[in-house]
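Read the structure below first, then the notes.
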Amino acid sequence: MTARSKNIKVITGNTAAAYAVLRCRPDVVSAYPITPQSELVEQLAKFHADGLLDCEYVAVEGENSAQNVACAAVMAGGRAFTATSSYGLVYMYDTMLQTSGYRAPLVMVNVNREPPGIHAVYSGQQDMICTRDSGWIQIVVENCQEILDTIIMSYRLAEDYDIQLPVMVNYDGYYLSFLAESVDIPEQEDVDRFLAPLKEQPQRMKLVAGAGTGCGSHGIGMGFVEYRKKHMAAMERSKELWDKIDQDFKNEFGRGYGGQIESYRCDDADIVLVATGSAVGTARTVIDAKREQGIKVGLVKLRFFRPFPVEKLCHILKGKKAIGVLDRSICFGWNCGPVFQEVCALTRHIGIMPMLSFIDGLANMDITKEHISGMVDEIYKASQNKPYQELTWLP
Amino acid sequence: MGLKKEEKYIYKYEACWSDGNNPLLCLNTGDWRTSRPVINNEICNGCGICMTFCPPQCISIKDDYFLINLGFCKGCGICAKECPKKAITMTQEGDYADDCKI
Amino acid sequence: MAEKLNKLPKVTEYFCDEDQFSPGNACCPGCIMELNLRLVSKIMGKDSILLGTPGCSAPTIHGQNDRAWHKHSYYACVMTGVASSATGLARYYKKAGIDATIVCHTGDGCAQDIGIQTISGAAERNENIIYICYDNEGYMNTGVQRSSATPYGAATSTTPVGLKSIGKTTNSKNMPMIMAMHDIPYVATATLSHLEDYAKKLTKAKEMVKQGFVYLHVFCPCTVGWKVKPDSSITVCRAAVQSNYFPLWEVGNGAYRITQPVAKPKPINEMLKLIGKFNHLKDQEISVLQQQSDNRFSILQALCSIRA
Ligand SMILES: Cc1ncc(C[n+]2csc(CCOP(=O)(O)OP(=O)(O)O)c2C)c(N)n1
Ligand code: SF4
């Protein structure tokens, strides 16, 4: 560990994200306010106004433009940042497909909030689920410190010459966006050093006036197929690299998150609960309590949602007696949670075992210790070959 | 599991980039033509109006005359219509069938 | 003869570069949107960056796989994001200290309908970009549907003429005026029958973009969609100017000016009869169009008189 850590502040998740962006020195920041992300945009505007953040701050007229500005700035060769939530995310969806198709290494924050349909200005991960096939790397984080650290790591991943993909960092609205925690804000020179390896890499393609480079040519026939294949291959490569970046970060700053997933007391566990986001903190406490009662339960915190950490999960989940998955969103058409459905797809590698879907925490409903305790009991029941309920809606 | 990493690819770019220094894409738009402009150099006063209005810009100056590049002339007839001296006539492309060397 | 070739039309004096486009591209015969692109290329120069969008200019601006139709650098946008993508480029280049002329080239459907929000936003932020809208009064690339630029009475594939329909029943948007009301450094209308006038405006645009947003609205008949003979598109442009249906004007820093005043405007019918999409119109409908055109012209005249 080379970096000094001393700058501890009690700040909200949004502010932590703003500090991360400040440290990453983007060239262009474009964003449009939306609850619960607004504080982040305001904070960046303030940094800019105070002369701390030396960037072009574009106060756009809508999220669609925010995404376009950021994507174009990245394709021109710059580093850009944007942030949104819910309706904003789906409003920029057309350009998100372009951003990933152009392989623009953009980093974006999405503060999870229930998306359109039934109006809800509440937390929920459905917005992220709506965009899961957009070709973006999607990361979900658990606490304010992790927000800050993950944004910094995300630039290392997105802009890596071998990857060149946009990254969406997701954190739960309200639960994290407005939660004040003590956060260690790294020094500028330490972050500069952490991001410096990017400068030693070959230059990615950029749009240069007069050079005759054209960005966004029609993929015709095999061209289209090839770019799709390359996109998918880069996605696959990002998994290993993310683990490495996490390790590098740990070496530098003393904080690591396990890369694609973090497993907690899984090694000797019979049953495992898979969860994402802020609920993981609560789950950890419950797991500890259940262990004391003698239930051999483990916890997997999913950080990568896209690409899906297939190999890592298979390694951990193989041979377990039952698996439960906690979702803060729903998967229409499959009558379960989306992450659950993805975990089910692992059975072709890990074999068949009872799998249980829990849908909880929609629209700011708290995911309580009692809820999670109930989940663990149900998973345990399933592991004992007793009848169990495959889908449970809580509360 | 996963994709093979060593793929043989046709294109050198990771994504949809094109390079204007490669030979440009080009259609033989002359093939679309059904009528052919013919300039009467006796009447032409050299004003160059046909040249400026030609949408594919395929009229150029050759020696002392204007020359139409029939490889790309789409036969729209704007030159003939705009020529103040009426020095250009549109003739049926079929009349040149004998010129085709197949 | 060499002597006579010396007096080439004046428009050529404004060219600062060769035409960068491939000689054979996919525009229909007689489509003057192609002429427009080539003119823009010559006057803006090779180093300008073109932004395009789905539409008839897309097959000409955006390449295929690793090959291009021209030697400009270009950036392909979604229809909703042209002015905002241009903003992204302009802002990054500004931050990086790079000099670049950024030229958006889209149809009216993009500029006035689906993309109007981003244009308006970019204009309000006064970004340093040039936006050229070629106005062919409809969505031509998707098969000649109506747009907000389609005039009253015009037949299109979504405003067809029928027993109970005379074509489009509402007026078009006065887009150049909408842009002028954004108080941006420079707005102008132009058309391809008046090439020298247009060339001057393009040259001016290149200068004015240093101060901020520049919007050019170019009247650009579509031979296929308007049912105009391929050789007549320039004639239609001229008739539109001479009937004050499409007056040529500019506004720079608040001063309005008609650049090609017409001494004796012709009745609008002179233009309409050249265009197939208006063929079905009766006198009554024609007078509605005439009235609308007169109204717009008098507003323009009033604006021009403010500082005159
Ligand atoms: C978001 C979106 N909606 C619809 C389309 C389909 N589309 C392609 S071209 C076009 C019409 C474009 O009209 P305009 O901008 O006027 O250009 P023109 O075709 O007239 O040159 C449309 C609607 C699209 N590409 N993107
Ligand atoms: S459809 Fe109309 S606008 Fe499009 S290329 Fe053809 S003539 Fe030009």
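So you can find residues: chains in the structure tokens are A, B, ... in the order shown, residues in each start at 1, and ligands are numbered from 1 in order.
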> Mind listing the residues within 9 Å of ligand 1, only C-alpha atoms and all ligand atoms counted, as a ChimeraX atom specification?
Replying inline: /A:94 /C:33,53-58,78-80,106-115,133-147,149,222
Based on the selection just made, write C-alpha atoms of those residues as a compact mmCIF listing (two decimals), in the first residue's frame.
# COMPACT_ATOMS: atom_id res chain seq x y z
CA ASP A 94 -31.10 5.05 -27.87
CA MET C 33 -29.02 17.76 -51.50
CA THR C 53 -27.99 11.24 -39.07
CA PRO C 54 -30.35 8.72 -40.62
CA GLY C 55 -31.94 10.45 -43.59
CA CYS C 56 -31.08 10.92 -47.24
CA SER C 57 -27.70 12.39 -46.40
CA ALA C 58 -26.75 9.37 -44.30
CA VAL C 78 -28.92 9.04 -33.77
CA MET C 79 -31.70 11.32 -35.01
CA THR C 80 -32.30 12.69 -31.54
CA THR C 106 -29.43 16.88 -41.44
CA GLY C 107 -32.84 16.95 -43.00
CA ASP C 108 -35.80 18.93 -41.78
CA GLY C 109 -37.29 15.86 -40.15
CA CYS C 110 -34.35 15.62 -37.84
CA ALA C 111 -33.86 19.34 -37.33
CA GLN C 112 -37.45 20.44 -36.83
CA ASP C 113 -39.09 17.36 -35.42
CA ILE C 114 -37.25 14.68 -33.52
CA GLY C 115 -34.07 16.70 -33.02
CA CYS C 133 -30.70 21.83 -42.29
CA TYR C 134 -31.59 20.82 -45.84
CA ASP C 135 -35.29 21.33 -46.04
CA ASN C 136 -36.96 18.87 -48.39
CA GLU C 137 -40.24 19.31 -46.57
CA GLY C 138 -40.60 15.76 -45.35
CA TYR C 139 -39.04 12.47 -44.29
CA MET C 140 -37.74 11.45 -47.67
CA ASN C 141 -35.45 8.59 -46.74
CA THR C 142 -38.25 6.59 -45.16
CA GLY C 143 -40.52 7.07 -48.13
CA VAL C 144 -41.79 10.67 -48.30
CA GLN C 145 -43.82 11.07 -45.13
CA ARG C 146 -44.94 14.40 -43.75
CA SER C 147 -42.73 16.35 -41.39
CA ALA C 149 -41.74 21.28 -42.61
CA CYS C 222 -36.63 16.41 -53.46
> Just asking: which residues within region 147-212 of chain C are strand (DSSP E) according to DSSP, as a ChimeraX atom specification?
Replying inline: /C:161-162,165-166,186-191
> From the set A:Asp360, A:Asp366, A:Glu236, A:Glu262, which residue has the shortest atom-to-atom contact distance to chain B, counting only C-alpha atoms?
Replying inline: A:Glu236
Per-residue nearest contacts chain A to chain B, cut-off 8 Å, using only C-alpha atoms, as CSV:
residue,atom,partner,partner_atom,distance
A:Gly101,CA,B:Ala15,CA,7.0
A:Tyr102,CA,B:Ala15,CA,5.6
A:Arg103,CA,B:Ala15,CA,6.3
A:Ala211,CA,B:Gly20,CA,7.8
A:Gly212,CA,B:Gly20,CA,4.5
A:Thr213,CA,B:Asp19,CA,4.8
A:Gly214,CA,B:Ser18,CA,4.8
A:Cys215,CA,B:Trp17,CA,4.8
A:Gly216,CA,B:Cys16,CA,5.2
A:Ser217,CA,B:Cys16,CA,5.2
A:His218,CA,B:Cys16,CA,7.0
A:Gly219,CA,B:Cys16,CA,6.4
A:Gly223,CA,B:Tyr11,CA,7.4
A:Glu226,CA,B:Tyr9,CA,7.0
A:Tyr227,CA,B:Ala15,CA,5.5
A:Lys230,CA,B:Glu14,CA,6.4
A:His231,CA,B:Glu14,CA,7.7
A:Met232,CA,B:Leu3,CA,8.0
A:Ala233,CA,B:Leu3,CA,6.2
A:Glu236,CA,B:Gly2,CA,6.7
Within 6 Å of chain B, which residues of chain C are there when counting only C-alpha atoms? Please give them as a PDB file with all heavy atoms, in the first residue's frame.
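What ended up in out.pdb:
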ATOM      1  N   MET C   1     -10.670  30.563 -77.037  1.00  0.00           N
ATOM      2  CA  MET C   1     -11.649  30.090 -76.051  1.00  0.00           C
ATOM      3  C   MET C   1     -11.132  30.197 -74.621  1.00  0.00           C
ATOM      4  O   MET C   1     -11.901  30.388 -73.701  1.00  0.00           O
ATOM      5  CB  MET C   1     -12.005  28.619 -76.339  1.00  0.00           C
ATOM      6  CG  MET C   1     -13.009  28.457 -77.436  1.00  0.00           C
ATOM      7  SD  MET C   1     -14.695  28.823 -76.930  1.00  0.00           S
ATOM      8  CE  MET C   1     -15.273  27.231 -76.391  1.00  0.00           C
ATOM      9  N   ALA C   2      -9.801  30.088 -74.456  1.00  0.00           N
ATOM     10  CA  ALA C   2      -9.238  30.110 -73.106  1.00  0.00           C
ATOM     11  C   ALA C   2      -9.715  31.344 -72.356  1.00  0.00           C
ATOM     12  O   ALA C   2     -10.019  31.283 -71.159  1.00  0.00           O
ATOM     13  CB  ALA C   2      -7.724  30.095 -73.178  1.00  0.00           C
ATOM     14  N   LYS C   4     -12.506  32.951 -72.607  1.00  0.00           N
ATOM     15  CA  LYS C   4     -13.883  32.932 -72.134  1.00  0.00           C
ATOM     16  C   LYS C   4     -14.059  32.052 -70.883  1.00  0.00           C
ATOM     17  O   LYS C   4     -14.899  32.315 -70.061  1.00  0.00           O
ATOM     18  CB  LYS C   4     -14.837  32.511 -73.256  1.00  0.00           C
ATOM     19  CG  LYS C   4     -14.983  31.020 -73.491  1.00  0.00           C
ATOM     20  CD  LYS C   4     -15.997  30.778 -74.599  1.00  0.00           C
ATOM     21  CE  LYS C   4     -16.346  29.305 -74.684  1.00  0.00           C
ATOM     22  NZ  LYS C   4     -17.204  28.979 -75.803  1.00  0.00           N
ATOM     23  N   LEU C   5     -13.199  31.058 -70.749  1.00  0.00           N
ATOM     24  CA  LEU C   5     -13.305  30.208 -69.569  1.00  0.00           C
ATOM     25  C   LEU C   5     -12.813  30.913 -68.301  1.00  0.00           C
ATOM     26  O   LEU C   5     -13.016  30.448 -67.205  1.00  0.00           O
ATOM     27  CB  LEU C   5     -12.529  28.913 -69.772  1.00  0.00           C
ATOM     28  CG  LEU C   5     -13.242  27.867 -70.620  1.00  0.00           C
ATOM     29  CD1 LEU C   5     -12.390  26.630 -70.742  1.00  0.00           C
ATOM     30  CD2 LEU C   5     -14.584  27.512 -70.035  1.00  0.00           C
ATOM     31  N   LEU C   8     -15.370  32.302 -64.829  1.00  0.00           N
ATOM     32  CA  LEU C   8     -16.210  31.289 -64.196  1.00  0.00           C
ATOM     33  C   LEU C   8     -17.135  31.959 -63.174  1.00  0.00           C
ATOM     34  O   LEU C   8     -16.827  33.027 -62.669  1.00  0.00           O
ATOM     35  CB  LEU C   8     -15.346  30.240 -63.499  1.00  0.00           C
ATOM     36  CG  LEU C   8     -14.694  29.228 -64.431  1.00  0.00           C
ATOM     37  CD1 LEU C   8     -13.774  28.310 -63.637  1.00  0.00           C
ATOM     38  CD2 LEU C   8     -15.731  28.404 -65.177  1.00  0.00           C
ATOM     39  N   SER C  22     -16.811  11.311 -52.894  1.00  0.00           N
ATOM     40  CA  SER C  22     -16.641  10.336 -53.968  1.00  0.00           C
ATOM     41  C   SER C  22     -17.488  10.772 -55.157  1.00  0.00           C
ATOM     42  O   SER C  22     -18.578  11.301 -54.976  1.00  0.00           O
ATOM     43  CB  SER C  22     -17.108   8.990 -53.429  1.00  0.00           C
ATOM     44  OG  SER C  22     -17.405   8.115 -54.477  1.00  0.00           O
ATOM     45  N   GLY C  24     -19.197   9.101 -57.281  1.00  0.00           N
ATOM     46  CA  GLY C  24     -20.461   8.395 -57.480  1.00  0.00           C
ATOM     47  C   GLY C  24     -21.112   8.067 -56.152  1.00  0.00           C
ATOM     48  O   GLY C  24     -20.700   7.151 -55.464  1.00  0.00           O
ATOM     49  N   ASN C  25     -22.106   8.839 -55.755  1.00  0.00           N
ATOM     50  CA  ASN C  25     -22.794   8.486 -54.506  1.00  0.00           C
ATOM     51  C   ASN C  25     -24.286   8.302 -54.722  1.00  0.00           C
ATOM     52  O   ASN C  25     -24.817   8.535 -55.796  1.00  0.00           O
ATOM     53  CB  ASN C  25     -22.474   9.475 -53.383  1.00  0.00           C
ATOM     54  CG  ASN C  25     -23.060  10.830 -53.624  1.00  0.00           C
ATOM     55  OD1 ASN C  25     -24.120  10.953 -54.219  1.00  0.00           O
ATOM     56  ND2 ASN C  25     -22.372  11.856 -53.166  1.00  0.00           N
ATOM     57  N   PRO C  29     -30.917  10.927 -59.025  1.00  0.00           N
ATOM     58  CA  PRO C  29     -30.564  11.877 -60.084  1.00  0.00           C
ATOM     59  C   PRO C  29     -31.319  13.187 -59.880  1.00  0.00           C
ATOM     60  O   PRO C  29     -32.519  13.182 -59.615  1.00  0.00           O
ATOM     61  CB  PRO C  29     -31.035  11.178 -61.362  1.00  0.00           C
ATOM     62  CG  PRO C  29     -31.109   9.736 -61.019  1.00  0.00           C
ATOM     63  CD  PRO C  29     -31.450   9.670 -59.561  1.00  0.00           C
ATOM     64  N   GLY C  30     -30.602  14.284 -59.959  1.00  0.00           N
ATOM     65  CA  GLY C  30     -31.241  15.592 -59.825  1.00  0.00           C
ATOM     66  C   GLY C  30     -31.457  16.021 -58.392  1.00  0.00           C
ATOM     67  O   GLY C  30     -32.018  17.078 -58.139  1.00  0.00           O
ATOM     68  N   ILE C  32     -30.626  17.847 -55.287  1.00  0.00           N
ATOM     69  CA  ILE C  32     -29.652  18.904 -55.040  1.00  0.00           C
ATOM     70  C   ILE C  32     -29.166  18.902 -53.593  1.00  0.00           C
ATOM     71  O   ILE C  32     -28.343  19.718 -53.214  1.00  0.00           O
ATOM     72  CB  ILE C  32     -30.174  20.285 -55.459  1.00  0.00           C
ATOM     73  CG1 ILE C  32     -31.527  20.546 -54.842  1.00  0.00           C
ATOM     74  CG2 ILE C  32     -30.202  20.377 -56.972  1.00  0.00           C
ATOM     75  CD1 ILE C  32     -32.003  21.946 -55.082  1.00  0.00           C
ATOM     76  N   GLU C  34     -27.340  16.586 -52.805  1.00  0.00           N
ATOM     77  CA  GLU C  34     -25.972  16.182 -53.150  1.00  0.00           C
ATOM     78  C   GLU C  34     -25.133  17.417 -53.489  1.00  0.00           C
ATOM     79  O   GLU C  34     -24.001  17.556 -53.014  1.00  0.00           O
ATOM     80  CB  GLU C  34     -26.002  15.215 -54.336  1.00  0.00           C
ATOM     81  CG  GLU C  34     -24.606  14.862 -54.818  1.00  0.00           C
ATOM     82  CD  GLU C  34     -24.571  13.776 -55.880  1.00  0.00           C
ATOM     83  OE1 GLU C  34     -25.631  13.329 -56.346  1.00  0.00           O
ATOM     84  OE2 GLU C  34     -23.448  13.389 -56.249  1.00  0.00           O
ATOM     85  N   LEU C  35     -25.711  18.308 -54.275  1.00  0.00           N
ATOM     86  CA  LEU C  35     -25.003  19.543 -54.619  1.00  0.00           C
ATOM     87  C   LEU C  35     -24.697  20.324 -53.344  1.00  0.00           C
ATOM     88  O   LEU C  35     -23.598  20.874 -53.174  1.00  0.00           O
ATOM     89  CB  LEU C  35     -25.864  20.372 -55.581  1.00  0.00           C
ATOM     90  CG  LEU C  35     -25.331  21.729 -55.998  1.00  0.00           C
ATOM     91  CD1 LEU C  35     -23.983  21.601 -56.688  1.00  0.00           C
ATOM     92  CD2 LEU C  35     -26.324  22.430 -56.914  1.00  0.00           C
ATOM     93  N   ASP C  66     -15.121  -0.270 -43.153  1.00  0.00           N
ATOM     94  CA  ASP C  66     -13.961   0.603 -42.978  1.00  0.00           C
ATOM     95  C   ASP C  66     -13.764   1.569 -44.152  1.00  0.00           C
ATOM     96  O   ASP C  66     -12.713   2.174 -44.284  1.00  0.00           O
ATOM     97  CB  ASP C  66     -12.692  -0.219 -42.726  1.00  0.00           C
ATOM     98  CG  ASP C  66     -12.386  -1.154 -43.874  1.00  0.00           C
ATOM     99  OD1 ASP C  66     -13.257  -1.313 -44.750  1.00  0.00           O
ATOM    100  OD2 ASP C  66     -11.283  -1.734 -43.882  1.00  0.00           O
ATOM    101  N   ARG C  67     -14.782   1.714 -44.997  1.00  0.00           N
ATOM    102  CA  ARG C  67     -14.599   2.622 -46.131  1.00  0.00           C
ATOM    103  C   ARG C  67     -15.599   3.765 -46.075  1.00  0.00           C
ATOM    104  O   ARG C  67     -16.693   3.642 -45.537  1.00  0.00           O
ATOM    105  CB  ARG C  67     -14.739   1.838 -47.432  1.00  0.00           C
ATOM    106  CG  ARG C  67     -13.653   0.779 -47.496  1.00  0.00           C
ATOM    107  CD  ARG C  67     -13.345   0.215 -48.836  1.00  0.00           C
ATOM    108  NE  ARG C  67     -13.495   1.039 -49.983  1.00  0.00           N
ATOM    109  CZ  ARG C  67     -13.809   0.526 -51.182  1.00  0.00           C
ATOM    110  NH1 ARG C  67     -14.012  -0.763 -51.309  1.00  0.00           N
ATOM    111  NH2 ARG C  67     -13.913   1.305 -52.226  1.00  0.00           N
ATOM    112  N   ALA C  68     -15.173   4.885 -46.646  1.00  0.00           N
ATOM    113  CA  ALA C  68     -15.976   6.102 -46.542  1.00  0.00           C
ATOM    114  C   ALA C  68     -16.380   6.610 -47.913  1.00  0.00           C
ATOM    115  O   ALA C  68     -15.831   6.198 -48.933  1.00  0.00           O
ATOM    116  CB  ALA C  68     -15.180   7.173 -45.802  1.00  0.00           C
ATOM    117  N   TRP C  69     -17.340   7.515 -47.908  1.00  0.00           N
ATOM    118  CA  TRP C  69     -17.783   8.142 -49.151  1.00  0.00           C
ATOM    119  C   TRP C  69     -17.055   9.460 -49.403  1.00  0.00           C
ATOM    120  O   TRP C  69     -17.268  10.113 -50.405  1.00  0.00           O
ATOM    121  CB  TRP C  69     -19.281   8.440 -49.090  1.00  0.00           C
ATOM    122  CG  TRP C  69     -20.169   7.234 -49.140  1.00  0.00           C
ATOM    123  CD1 TRP C  69     -20.833   6.667 -48.094  1.00  0.00           C
ATOM    124  CD2 TRP C  69     -20.522   6.458 -50.300  1.00  0.00           C
ATOM    125  NE1 TRP C  69     -21.559   5.588 -48.529  1.00  0.00           N
ATOM    126  CE2 TRP C  69     -21.397   5.442 -49.871  1.00  0.00           C
ATOM    127  CE3 TRP C  69     -20.178   6.540 -51.657  1.00  0.00           C
ATOM    128  CZ2 TRP C  69     -21.950   4.501 -50.750  1.00  0.00           C
ATOM    129  CZ3 TRP C  69     -20.729   5.603 -52.515  1.00  0.00           C
ATOM    130  CH2 TRP C  69     -21.592   4.601 -52.072  1.00  0.00           C
ATOM    131  N   HIS C  70     -16.295   9.915 -48.430  1.00  0.00           N
ATOM    132  CA  HIS C  70     -15.633  11.221 -48.559  1.00  0.00           C
ATOM    133  C   HIS C  70     -14.432  11.256 -47.630  1.00  0.00           C
ATOM    134  O   HIS C  70     -14.235  10.331 -46.828  1.00  0.00           O
ATOM    135  CB  HIS C  70     -16.602  12.355 -48.227  1.00  0.00           C
ATOM    136  CG  HIS C  70     -17.204  12.212 -46.846  1.00  0.00           C
ATOM    137  ND1 HIS C  70     -16.522  12.555 -45.712  1.00  0.00           N
ATOM    138  CD2 HIS C  70     -18.388  11.720 -46.431  1.00  0.00           C
ATOM    139  CE1 HIS C  70     -17.279  12.294 -44.655  1.00  0.00           C
ATOM    140  NE2 HIS C  70     -18.410  11.772 -45.064  1.00  0.00           N
ATOM    141  N   LYS C  71     -13.651  12.327 -47.742  1.00  0.00           N
ATOM    142  CA  LYS C  71     -12.416  12.384 -46.971  1.00  0.00           C
ATOM    143  C   LYS C  71     -12.515  13.235 -45.708  1.00  0.00           C
ATOM    144  O   LYS C  71     -11.524  13.471 -45.021  1.00  0.00           O
ATOM    145  CB  LYS C  71     -11.285  12.899 -47.868  1.00  0.00           C
ATOM    146  CG  LYS C  71     -10.905  11.900 -48.960  1.00  0.00           C
ATOM    147  CD  LYS C  71      -9.776  12.428 -49.818  1.00  0.00           C
ATOM    148  CE  LYS C  71      -9.426  11.479 -50.935  1.00  0.00           C
ATOM    149  NZ  LYS C  71      -8.879  10.193 -50.461  1.00  0.00           N
ATOM    150  N   PRO C 230     -36.464  15.579 -62.638  1.00  0.00           N
ATOM    151  CA  PRO C 230     -35.100  15.663 -62.117  1.00  0.00           C
ATOM    152  C   PRO C 230     -34.338  16.911 -62.589  1.00  0.00           C
ATOM    153  O   PRO C 230     -33.482  17.413 -61.870  1.00  0.00           O
ATOM    154  CB  PRO C 230     -34.426  14.397 -62.659  1.00  0.00           C
ATOM    155  CG  PRO C 230     -35.523  13.453 -62.929  1.00  0.00           C
ATOM    156  CD  PRO C 230     -36.729  14.270 -63.263  1.00  0.00           C
ATOM    157  N   ASP C 231     -34.682  17.426 -63.765  1.00  0.00           N
ATOM    158  CA  ASP C 231     -33.926  18.590 -64.242  1.00  0.00           C
ATOM    159  C   ASP C 231     -34.460  19.893 -63.657  1.00  0.00           C
ATOM    160  O   ASP C 231     -33.914  20.962 -63.910  1.00  0.00           O
ATOM    161  CB  ASP C 231     -33.935  18.635 -65.780  1.00  0.00           C
ATOM    162  CG  ASP C 231     -35.344  18.828 -66.336  1.00  0.00           C
ATOM    163  OD1 ASP C 231     -36.298  18.869 -65.541  1.00  0.00           O
ATOM    164  OD2 ASP C 231     -35.476  18.933 -67.575  1.00  0.00           O
TER     165      ASP C 231
END
> When distances are computed from only C-alpha atoms, which of A:Gly221, A:Pro166, A:Gly13, A:Gly51 shows the smallest separation from chain C?
Replying inline: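 Residue with the minimum atom-to-atom distance to chain C: A:Gly221.
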>> Using only C-alpha atoms, which protein or nucleic acid residues come within 7 Å of region 84-98 of chain B? Drop anything in the same chain fewer than 4 positions from it, and give the result as a VMD selection string.
In response: chain B and resid 34 to 40 43 to 44 77 80
Mind writing the picked residues with all heavy atoms as a short mmCIF file (atom, residue, chain, number, x, y, z; two decimals), in the first residue's frame?
data_model
loop_
_atom_site.label_atom_id
_atom_site.label_comp_id
_atom_site.auth_asym_id
_atom_site.auth_seq_id
_atom_site.Cartn_x
_atom_site.Cartn_y
_atom_site.Cartn_z
N THR B 34 -30.50 7.61 -68.24
CA THR B 34 -31.31 7.24 -69.40
C THR B 34 -31.17 8.28 -70.49
O THR B 34 -31.45 8.01 -71.65
CB THR B 34 -32.80 7.11 -69.03
OG1 THR B 34 -33.21 8.33 -68.41
CG2 THR B 34 -33.04 5.94 -68.09
N SER B 35 -30.76 9.51 -70.13
CA SER B 35 -30.47 10.47 -71.21
C SER B 35 -29.13 11.14 -70.96
O SER B 35 -28.73 11.34 -69.81
CB SER B 35 -31.59 11.48 -71.35
OG SER B 35 -31.95 11.99 -70.10
N ARG B 36 -28.48 11.44 -72.03
CA ARG B 36 -27.09 11.89 -71.96
C ARG B 36 -26.97 13.35 -72.39
O ARG B 36 -27.47 13.73 -73.45
CB ARG B 36 -26.26 11.01 -72.90
CG ARG B 36 -24.80 11.41 -73.00
CD ARG B 36 -24.06 10.57 -74.01
NE ARG B 36 -23.97 9.15 -73.63
CZ ARG B 36 -23.10 8.30 -74.16
NH1 ARG B 36 -22.25 8.70 -75.10
NH2 ARG B 36 -23.08 7.04 -73.79
N PRO B 37 -26.30 14.18 -71.57
CA PRO B 37 -26.11 15.57 -71.99
C PRO B 37 -24.98 15.70 -73.02
O PRO B 37 -23.93 15.06 -72.88
CB PRO B 37 -25.73 16.27 -70.69
CG PRO B 37 -25.14 15.20 -69.84
CD PRO B 37 -25.71 13.88 -70.28
N VAL B 38 -25.23 16.48 -74.05
CA VAL B 38 -24.20 16.71 -75.06
C VAL B 38 -24.01 18.23 -75.19
O VAL B 38 -24.98 18.96 -75.39
CB VAL B 38 -24.61 16.11 -76.41
CG1 VAL B 38 -23.55 16.42 -77.47
CG2 VAL B 38 -24.81 14.61 -76.28
N ILE B 39 -22.77 18.68 -75.04
CA ILE B 39 -22.51 20.13 -75.10
C ILE B 39 -22.12 20.52 -76.52
O ILE B 39 -21.26 19.89 -77.14
CB ILE B 39 -21.37 20.55 -74.14
CG1 ILE B 39 -21.66 20.05 -72.72
CG2 ILE B 39 -21.16 22.04 -74.17
CD1 ILE B 39 -20.60 20.44 -71.70
N ASN B 40 -22.77 21.53 -77.01
CA ASN B 40 -22.37 22.08 -78.31
C ASN B 40 -21.38 23.21 -78.05
O ASN B 40 -21.75 24.31 -77.63
CB ASN B 40 -23.61 22.59 -79.04
CG ASN B 40 -23.28 23.11 -80.42
OD1 ASN B 40 -22.11 23.42 -80.70
ND2 ASN B 40 -24.28 23.18 -81.28
N ILE B 43 -21.90 26.79 -79.37
CA ILE B 43 -22.84 27.71 -78.72
C ILE B 43 -22.39 28.09 -77.32
O ILE B 43 -22.64 29.19 -76.84
CB ILE B 43 -24.26 27.08 -78.64
CG1 ILE B 43 -24.66 26.52 -80.01
CG2 ILE B 43 -25.27 28.10 -78.17
CD1 ILE B 43 -26.01 25.84 -80.03
N CYS B 44 -21.69 27.19 -76.67
CA CYS B 44 -21.25 27.41 -75.27
C CYS B 44 -20.45 28.70 -75.16
O CYS B 44 -19.54 28.93 -75.95
CB CYS B 44 -20.39 26.23 -74.83
SG CYS B 44 -19.50 26.52 -73.29
N GLY B 77 -30.20 16.21 -66.08
CA GLY B 77 -30.61 17.24 -67.04
C GLY B 77 -30.61 18.65 -66.51
O GLY B 77 -31.03 19.59 -67.19
N ALA B 80 -28.60 21.03 -68.75
CA ALA B 80 -29.27 21.44 -69.98
C ALA B 80 -30.33 22.50 -69.69
O ALA B 80 -30.48 23.48 -70.41
CB ALA B 80 -29.90 20.24 -70.67
#
> Counting only C-alpha atoms, which residues from chain C have an atom at most 7 Å from any atom of chain A, and could you show them as number ranges by chain?
Replying inline: C: 46-49, 62-65, 71-76, 78, 81, 84-85, 87-89, 91-92, 95, 100, 118, 121
>> Please identify the alpha helix (DSSP H) residues within chain B (assignment by DSSP from backbone atoms) and present them as an NGL selection string.
In response: :B and (49-53 or 78-82)
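CA of Val241 (chain C) is found 18.3 Å from CA of Val288 (chain C).
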> Interatomic distance between CA of Gly324 (chain A) and CA of Met355 (chain A)?
Replying inline: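 Atom-to-atom, CA of Gly324 (chain A) to CA of Met355 (chain A), that is 5.6 Å.
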>> Please compute the CA of Val297 (chain A)-CA of Ser357 (chain A) distance, one decimal, in Å.
In response: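 For CA of Val297 (chain A) relative to CA of Ser357 (chain A), the distance reads 16.2 Å.
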